[in-house]
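One file, entry.cif, carrying mmCIF, C-alpha atoms:
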data_run
#
loop_
_atom_site.label_atom_id
_atom_site.label_comp_id
_atom_site.auth_asym_id
_atom_site.auth_seq_id
_atom_site.Cartn_x
_atom_site.Cartn_y
_atom_site.Cartn_z
CA THR A 548 0.00 0.00 0.00
CA GLN A 549 1.36 3.38 -1.04
CA LEU A 550 1.49 6.05 1.64
CA LEU A 551 0.61 8.51 -1.11
CA GLU A 552 -2.08 7.37 -3.54
CA GLN A 553 -2.26 9.04 -6.92
CA SER A 554 -5.27 8.93 -9.19
CA PRO A 555 -5.86 8.26 -11.91
CA GLN A 556 -2.94 6.02 -12.80
CA PHE A 557 -3.27 6.86 -16.48
CA LEU A 558 -4.92 9.72 -18.34
CA SER A 559 -5.22 10.17 -22.09
CA ILE A 560 -6.73 13.40 -23.38
CA GLN A 561 -6.82 15.55 -26.50
CA GLU A 562 -4.83 18.74 -26.84
CA GLY A 563 -6.77 21.69 -25.41
CA GLU A 564 -8.65 19.68 -22.76
CA ASN A 565 -8.21 20.16 -19.03
CA LEU A 566 -7.07 17.51 -16.57
CA THR A 567 -6.70 17.03 -12.83
CA VAL A 568 -4.40 14.62 -11.01
CA TYR A 569 -4.96 13.79 -7.35
CA CYS A 570 -2.55 12.83 -4.60
CA ASN A 571 -4.12 11.55 -1.37
CA SER A 572 -2.90 10.26 1.96
CA SER A 573 -4.13 9.56 5.46
CA SER A 574 -0.91 11.11 6.79
CA VAL A 575 -0.04 14.75 7.32
CA PHE A 576 2.94 16.11 5.42
CA SER A 577 4.98 19.20 6.20
CA SER A 578 5.50 19.75 2.48
CA LEU A 579 4.44 18.19 -0.75
CA GLN A 580 6.11 18.37 -4.13
CA TRP A 581 5.12 17.63 -7.69
CA TYR A 582 7.55 16.33 -10.27
CA ARG A 583 7.28 15.54 -13.97
CA GLN A 584 9.34 12.78 -15.52
CA GLU A 585 9.85 12.21 -19.22
CA PRO A 586 11.12 8.96 -20.76
CA GLY A 587 14.83 8.41 -20.29
CA GLU A 588 15.17 11.24 -17.78
CA GLY A 589 14.95 11.80 -14.06
CA PRO A 590 12.00 13.60 -12.45
CA VAL A 591 12.06 17.40 -12.59
CA LEU A 592 10.65 19.43 -9.71
CA LEU A 593 7.61 21.53 -10.68
CA VAL A 594 6.51 22.99 -7.36
CA THR A 595 6.67 22.68 -3.58
CA VAL A 596 3.65 23.48 -1.39
CA VAL A 597 4.01 23.85 2.37
CA THR A 598 0.94 25.63 3.75
CA GLY A 599 -2.48 24.01 4.14
CA GLY A 600 -4.88 25.47 1.57
CA GLU A 601 -2.04 26.88 -0.49
CA VAL A 602 -2.59 27.35 -4.22
CA LYS A 603 0.32 27.86 -6.60
CA LYS A 604 0.15 28.58 -10.30
CA LEU A 605 2.83 27.83 -12.86
CA LYS A 606 1.57 29.04 -16.26
CA ARG A 607 -1.21 26.55 -17.15
CA LEU A 608 -0.56 24.37 -14.09
CA THR A 609 -2.37 24.96 -10.80
CA PHE A 610 -1.30 23.13 -7.64
CA GLN A 611 -3.33 22.96 -4.46
CA PHE A 612 -2.40 21.65 -1.01
CA GLY A 613 -5.32 20.45 1.10
CA ASP A 614 -6.27 22.36 4.24
CA ALA A 615 -5.25 19.40 6.41
CA ARG A 616 -2.00 18.91 4.45
CA LYS A 617 -2.95 15.33 3.60
CA ASP A 618 -3.76 15.73 -0.07
CA SER A 619 -2.92 17.73 -3.14
CA SER A 620 -4.07 18.21 -6.69
CA LEU A 621 -2.54 19.29 -9.96
CA HIS A 622 -4.76 20.87 -12.58
CA ILE A 623 -3.61 21.52 -16.13
CA THR A 624 -5.61 23.92 -18.28
CA ALA A 625 -5.64 23.57 -22.08
CA ALA A 626 -3.18 20.68 -22.08
CA GLN A 627 -0.53 20.53 -24.78
CA PRO A 628 1.46 17.55 -26.12
CA GLY A 629 4.48 18.90 -24.25
CA ASP A 630 2.63 18.19 -20.98
CA THR A 631 2.91 14.46 -21.68
CA GLY A 632 4.84 12.64 -18.98
CA LEU A 633 4.72 10.88 -15.64
CA TYR A 634 3.53 13.16 -12.86
CA LEU A 635 4.72 12.26 -9.37
CA CYS A 636 3.74 13.70 -6.03
CA ALA A 637 6.12 13.36 -3.09
CA GLY A 638 5.66 14.22 0.56
CA ALA A 639 7.95 14.83 3.49
CA LYS A 640 6.89 14.44 7.13
CA ALA A 641 9.39 17.07 8.25
CA ALA A 642 12.02 19.32 6.74
CA GLY A 643 15.07 17.32 5.82
CA ASN A 644 13.24 14.01 6.07
CA LYS A 645 13.20 11.47 3.27
CA LEU A 646 10.60 11.88 0.55
CA THR A 647 7.80 9.38 -0.03
CA PHE A 648 6.60 9.25 -3.61
CA GLY A 649 3.19 8.42 -4.97
CA GLY A 650 2.80 5.77 -7.65
CA GLY A 651 2.59 8.36 -10.40
CA THR A 652 0.04 9.38 -13.02
CA ARG A 653 0.98 8.85 -16.63
CA VAL A 654 -0.48 11.64 -18.78
CA LEU A 655 -0.72 11.44 -22.55
CA VAL A 656 -1.84 14.52 -24.46
CA LYS A 657 -2.65 13.72 -28.06
CA PRO A 658 -2.35 16.43 -30.73
CA LYS B 44 25.69 25.05 -13.06
CA ALA B 45 26.03 21.47 -14.26
CA GLY B 46 23.25 19.13 -13.20
CA VAL B 47 23.44 15.80 -11.44
CA THR B 48 25.38 13.26 -13.44
CA GLN B 49 25.17 9.49 -13.18
CA THR B 50 27.39 6.84 -14.70
CA PRO B 51 26.97 4.54 -16.38
CA ARG B 52 23.64 5.26 -18.06
CA TYR B 53 22.99 1.64 -18.97
CA LEU B 54 24.25 -1.59 -17.49
CA ILE B 55 23.56 -5.26 -18.12
CA LYS B 56 24.58 -7.81 -15.50
CA THR B 57 23.77 -11.43 -14.71
CA ARG B 58 22.35 -12.88 -11.53
CA GLY B 59 24.85 -13.19 -8.71
CA GLN B 60 27.12 -10.42 -9.94
CA GLN B 61 27.62 -7.13 -8.19
CA VAL B 62 27.39 -3.61 -9.55
CA THR B 63 28.56 -0.14 -8.57
CA LEU B 64 26.78 2.99 -9.73
CA SER B 65 28.17 6.50 -9.47
CA CYS B 66 26.57 9.88 -8.91
CA SER B 67 28.03 13.40 -8.94
CA PRO B 68 25.72 15.97 -7.34
CA ILE B 69 25.29 19.58 -8.33
CA SER B 70 28.31 21.57 -7.23
CA GLY B 71 27.85 22.77 -3.66
CA HIS B 72 25.14 20.23 -2.82
CA ARG B 73 26.13 18.01 0.09
CA SER B 74 23.14 15.70 0.30
CA VAL B 75 22.73 12.80 -2.12
CA SER B 76 19.78 10.40 -2.16
CA TRP B 77 19.31 7.21 -4.14
CA TYR B 78 16.02 5.82 -5.42
CA GLN B 79 14.94 2.69 -7.24
CA GLN B 80 12.21 3.07 -9.85
CA THR B 81 10.29 0.08 -11.25
CA PRO B 82 6.96 -0.12 -13.10
CA GLY B 83 5.42 -2.16 -10.30
CA GLN B 84 6.68 -0.37 -7.18
CA GLY B 85 7.22 3.12 -8.49
CA LEU B 86 9.92 5.31 -6.99
CA GLN B 87 11.28 3.94 -3.73
CA PHE B 88 13.83 5.57 -1.45
CA LEU B 89 17.05 3.63 -0.88
CA PHE B 90 19.22 5.90 1.27
CA GLU B 91 20.52 9.42 1.75
CA TYR B 92 24.05 10.58 2.46
CA PHE B 93 25.12 13.91 3.90
CA SER B 94 28.72 14.84 4.60
CA GLU B 95 29.86 11.24 4.06
CA THR B 96 27.34 9.86 6.59
CA GLN B 97 24.20 7.89 5.90
CA ARG B 98 21.38 10.07 7.24
CA ASN B 99 18.28 8.16 6.16
CA LYS B 100 17.65 4.62 4.98
CA GLY B 101 14.77 2.95 3.18
CA ASN B 102 13.51 -0.61 3.47
CA PHE B 103 15.91 -2.45 1.22
CA PRO B 104 18.01 -5.53 2.04
CA GLY B 105 21.64 -5.25 3.06
CA ARG B 106 22.72 -6.17 -0.48
CA PHE B 107 22.13 -2.50 -1.27
CA SER B 108 24.78 -0.23 0.15
CA GLY B 109 26.23 3.16 -0.54
CA ARG B 110 28.85 5.64 0.41
CA GLN B 111 29.72 9.27 -0.08
CA PHE B 112 33.13 10.81 -0.61
CA SER B 113 34.54 14.07 0.72
CA ASN B 114 33.75 15.80 -2.59
CA SER B 115 30.07 14.75 -2.15
CA ARG B 116 30.20 12.24 -5.00
CA SER B 117 28.34 9.08 -4.10
CA GLU B 118 28.33 5.46 -5.12
CA MET B 119 25.82 2.73 -4.53
CA ASN B 120 26.59 -0.94 -4.68
CA VAL B 121 24.31 -3.90 -5.16
CA SER B 122 25.78 -7.32 -4.43
CA THR B 123 24.49 -10.75 -5.44
CA LEU B 124 22.18 -9.32 -8.07
CA GLU B 125 18.69 -10.75 -8.48
CA LEU B 126 16.35 -10.49 -11.46
CA GLY B 127 14.11 -8.22 -9.40
CA ASP B 128 16.91 -5.67 -9.08
CA SER B 129 16.34 -4.65 -12.70
CA ALA B 130 15.27 -1.04 -12.45
CA LEU B 131 16.12 2.58 -13.09
CA TYR B 132 18.36 3.81 -10.28
CA LEU B 133 18.06 7.53 -9.70
CA CYS B 134 20.34 9.77 -7.76
CA ALA B 135 19.20 13.15 -6.48
CA SER B 136 21.04 15.98 -4.80
CA GLN B 137 19.56 18.46 -2.39
CA GLY B 138 20.75 22.00 -1.99
CA LEU B 139 19.37 24.00 0.90
CA ALA B 140 19.66 22.60 4.41
CA GLY B 141 16.18 21.62 5.58
CA SER B 142 14.83 21.63 2.03
CA ASN B 143 13.33 18.44 0.63
CA GLU B 144 13.60 19.55 -2.98
CA GLN B 145 15.43 16.97 -5.01
CA PHE B 146 17.37 17.53 -8.22
CA PHE B 147 17.52 14.24 -10.08
CA GLY B 148 20.07 12.84 -12.46
CA PRO B 149 19.04 10.94 -15.60
CA GLY B 150 19.40 7.57 -13.88
CA THR B 151 21.21 4.33 -14.54
CA ARG B 152 19.12 1.64 -16.23
CA LEU B 153 20.22 -1.71 -14.75
CA THR B 154 19.11 -4.93 -16.39
CA VAL B 155 19.80 -8.21 -14.62
CA LEU B 156 19.65 -11.32 -16.80
#
Written as structure tokens, that's how I'd like the structure from this file.
Amino acid sequence: TQLLEQSPQFLSIQEGENLTVYCNSSSVFSSLQWYRQEPGEGPVLLVTVVTGGEVKKLKRLTFQFGDARKDSSLHITAAQPGDTGLYLCAGAKAAGNKLTFGGGTRVLVKP
Amino acid sequence: KAGVTQTPRYLIKTRGQQVTLSCSPISGHRSVSWYQQTPGQGLQFLFEYFSETQRNKGNFPGRFSGRQFSNSRSEMNVSTLELGDSALYLCASQGLAGSNEQFFGPGTRLTVL
């Protein structure tokens, strides 16, 4: 059982559509991060959220940290083929502690 | 600034052999973490080194070991390889003290035959 559950596991959409990826846990995290990984490469950090209820925007990507700091979501508006990749959430129980990763959501945006 | 580098990028070994993977962190980063990534288990934490000392450890058998040198470069070793050790091994360096943000290398793809 994953400490961090991501859903859905796989998402295939057409260019221009919106999508949301969820990251849920029964545990509280001091911070939560989202990464994107493309084939043949390591994950690349997109954002870190640390405050319950926090919302961060990165161009067409919107990240939200739940009020209780147990869950997070990633919303992509008007998805583009370049958004294709494996999206991973990762949480830390305290600063400097090891990260626990979710199982990942594989996103495919078709032109 | 150069990113995290890992060598080799690809490796093929047979069961029972041992393997050593290398990681050079971003210049100035003192923390290095290792992860194993497989389709079935996802990304799992192996261990973290800081200033040549293991600071955190995941739930892997003793066949998996690592070390860090005074220049922050790190190596991980897997002895008595098993088929299930086939995976992408990722190294990540961490910059700010107290930060959990990881900067990953491209990984070493290990195949055990």
- Item | All residues 7 Å or closer to segment 638-647 of chain A, all atoms listed in the file, same chain fewer than 5 positions away omitted, as an MDAnalysis selection string | (chainID A and resid 575:580) or (chainID B and resid 99 141:143)
- Message: Which residues, named as in the file, does the PyMOL selection byres ((chain B) within 10 of (chain A)) pick out? Answer as a ChimeraX atom specification.
- Response: /B:47,52,74,76,82-91,98-101,131-135,137,139-152
- Can you tell me how far atom CA of Gln553 of chain A sits from atom CA of Val75 of chain B, in Å to one decimal? 25.7 Å
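Straight-line separation from atom CA of Glu601 of chain A to atom CA of Ala625 of chain A: 22.1 Å.
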- Task: Figure out the distance between atom CA of Glu552 of chain A and atom CA of Thr609 of chain A, please, to one decimal in Å.
- Result: 19.0 Å
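Nearest to Pro51 of chain B of all the residues B:Ser117, B:Tyr78, B:Glu95, B:Leu153 is B:Leu153, based on all atoms listed in the file.
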- Message: As a check of understanding, name the residues that the PyMOL selection byres ((chain B and resi 58-64) around 12) selects in the supplied structure, as a PyMOL selection string.
- Response: chain B and resi 48-57+65-67+77-78+106-111+116-129+131-134+150-156
Step by step: start from the point (2.3, 29.0, -15.5) in the file's coordinates, keep every protein, DNA or RNA residue that has an atom no farther than 12 Å from it, count all atoms listed in the file, and write the set as a compact mmCIF listing (two decimals) with C-alpha atoms, in the frame of the given file.
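Contents of point08.txt, as written:
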# COMPACT_ATOMS: atom_id res chain seq x y z
CA LEU A 593 7.61 21.53 -10.68
CA VAL A 594 6.51 22.99 -7.36
CA LYS A 603 0.32 27.86 -6.60
CA LYS A 604 0.15 28.58 -10.30
CA LEU A 605 2.83 27.83 -12.86
CA LYS A 606 1.57 29.04 -16.26
CA ARG A 607 -1.21 26.55 -17.15
CA LEU A 608 -0.56 24.37 -14.09
CA THR A 609 -2.37 24.96 -10.80
CA PHE A 610 -1.30 23.13 -7.64
CA HIS A 622 -4.76 20.87 -12.58
CA ILE A 623 -3.61 21.52 -16.13
CA THR A 624 -5.61 23.92 -18.28
CA ALA A 625 -5.64 23.57 -22.08
CA ALA A 626 -3.18 20.68 -22.08
Let me have the centre and edge lengths of the axis-aligned box enclosing all listed atoms of segment 630-635 of chain A with 3 Å padding on every side, in Å to one decimal, as JSON.
{"center_x": 3.7, "center_y": 14.5, "center_z": -15.5, "size_x": 8.2, "size_y": 13.3, "size_z": 18.3}
- Message: Set the distance at 12 Å and use only C-alpha atoms: which residues neighbour Gly613 of chain A once local chain neighbours fewer than 2 positions away are removed? I'd like the list as a PyMOL selection string.
- Response: chain A and resi 569-579+596-602+610-611+615-621
Take the residues from that selection and write them out as a CSV table (one decimal), keeping the file's coordinate frame, keeping C-alpha atoms.
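Once written, part31.csv looks like this:
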chain,number,residue,atom,x,y,z
A,569,TYR,CA,-5.0,13.8,-7.4
A,570,CYS,CA,-2.6,12.8,-4.6
A,571,ASN,CA,-4.1,11.6,-1.4
A,572,SER,CA,-2.9,10.3,2.0
A,573,SER,CA,-4.1,9.6,5.5
A,574,SER,CA,-0.9,11.1,6.8
A,575,VAL,CA,0.0,14.8,7.3
A,576,PHE,CA,2.9,16.1,5.4
A,577,SER,CA,5.0,19.2,6.2
A,578,SER,CA,5.5,19.8,2.5
A,579,LEU,CA,4.4,18.2,-0.8
A,596,VAL,CA,3.6,23.5,-1.4
A,597,VAL,CA,4.0,23.8,2.4
A,598,THR,CA,0.9,25.6,3.8
A,599,GLY,CA,-2.5,24.0,4.1
A,600,GLY,CA,-4.9,25.5,1.6
A,601,GLU,CA,-2.0,26.9,-0.5
A,602,VAL,CA,-2.6,27.4,-4.2
A,610,PHE,CA,-1.3,23.1,-7.6
A,611,GLN,CA,-3.3,23.0,-4.5
A,615,ALA,CA,-5.2,19.4,6.4
A,616,ARG,CA,-2.0,18.9,4.4
A,617,LYS,CA,-3.0,15.3,3.6
A,618,ASP,CA,-3.8,15.7,-0.1
A,619,SER,CA,-2.9,17.7,-3.1
A,620,SER,CA,-4.1,18.2,-6.7
A,621,LEU,CA,-2.5,19.3,-10.0
Selection result for the PyMOL selection byres ((chain B and resi 72) around 7) on this file, as a PDB file with C-alpha atoms, in the frame of the given file:
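Wrote result20.pdb, looks like this:
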ATOM      1  CA  PRO B  68      25.720  15.970  -7.340  1.00  0.00           C
ATOM      2  CA  ILE B  69      25.290  19.580  -8.330  1.00  0.00           C
ATOM      3  CA  SER B  70      28.310  21.570  -7.230  1.00  0.00           C
ATOM      4  CA  GLY B  71      27.850  22.770  -3.660  1.00  0.00           C
ATOM      5  CA  ARG B  73      26.130  18.010   0.090  1.00  0.00           C
ATOM      6  CA  SER B  74      23.140  15.700   0.300  1.00  0.00           C
ATOM      7  CA  SER B 136      21.040  15.980  -4.800  1.00  0.00           C
ATOM      8  CA  GLN B 137      19.560  18.460  -2.390  1.00  0.00           C
ATOM      9  CA  GLY B 138      20.750  22.000  -1.990  1.00  0.00           C
TER      10      GLY B 138
END
- Kindly indicate which residue among A:Pro628, A:Leu633, A:Phe612, A:Leu655 lies nearest to Arg583 of chain A, using all atoms listed in the file for the distances.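 Nearest candidate to Arg583 of chain A out of A:Pro628, A:Leu633, A:Phe612, A:Leu655: A:Leu633.
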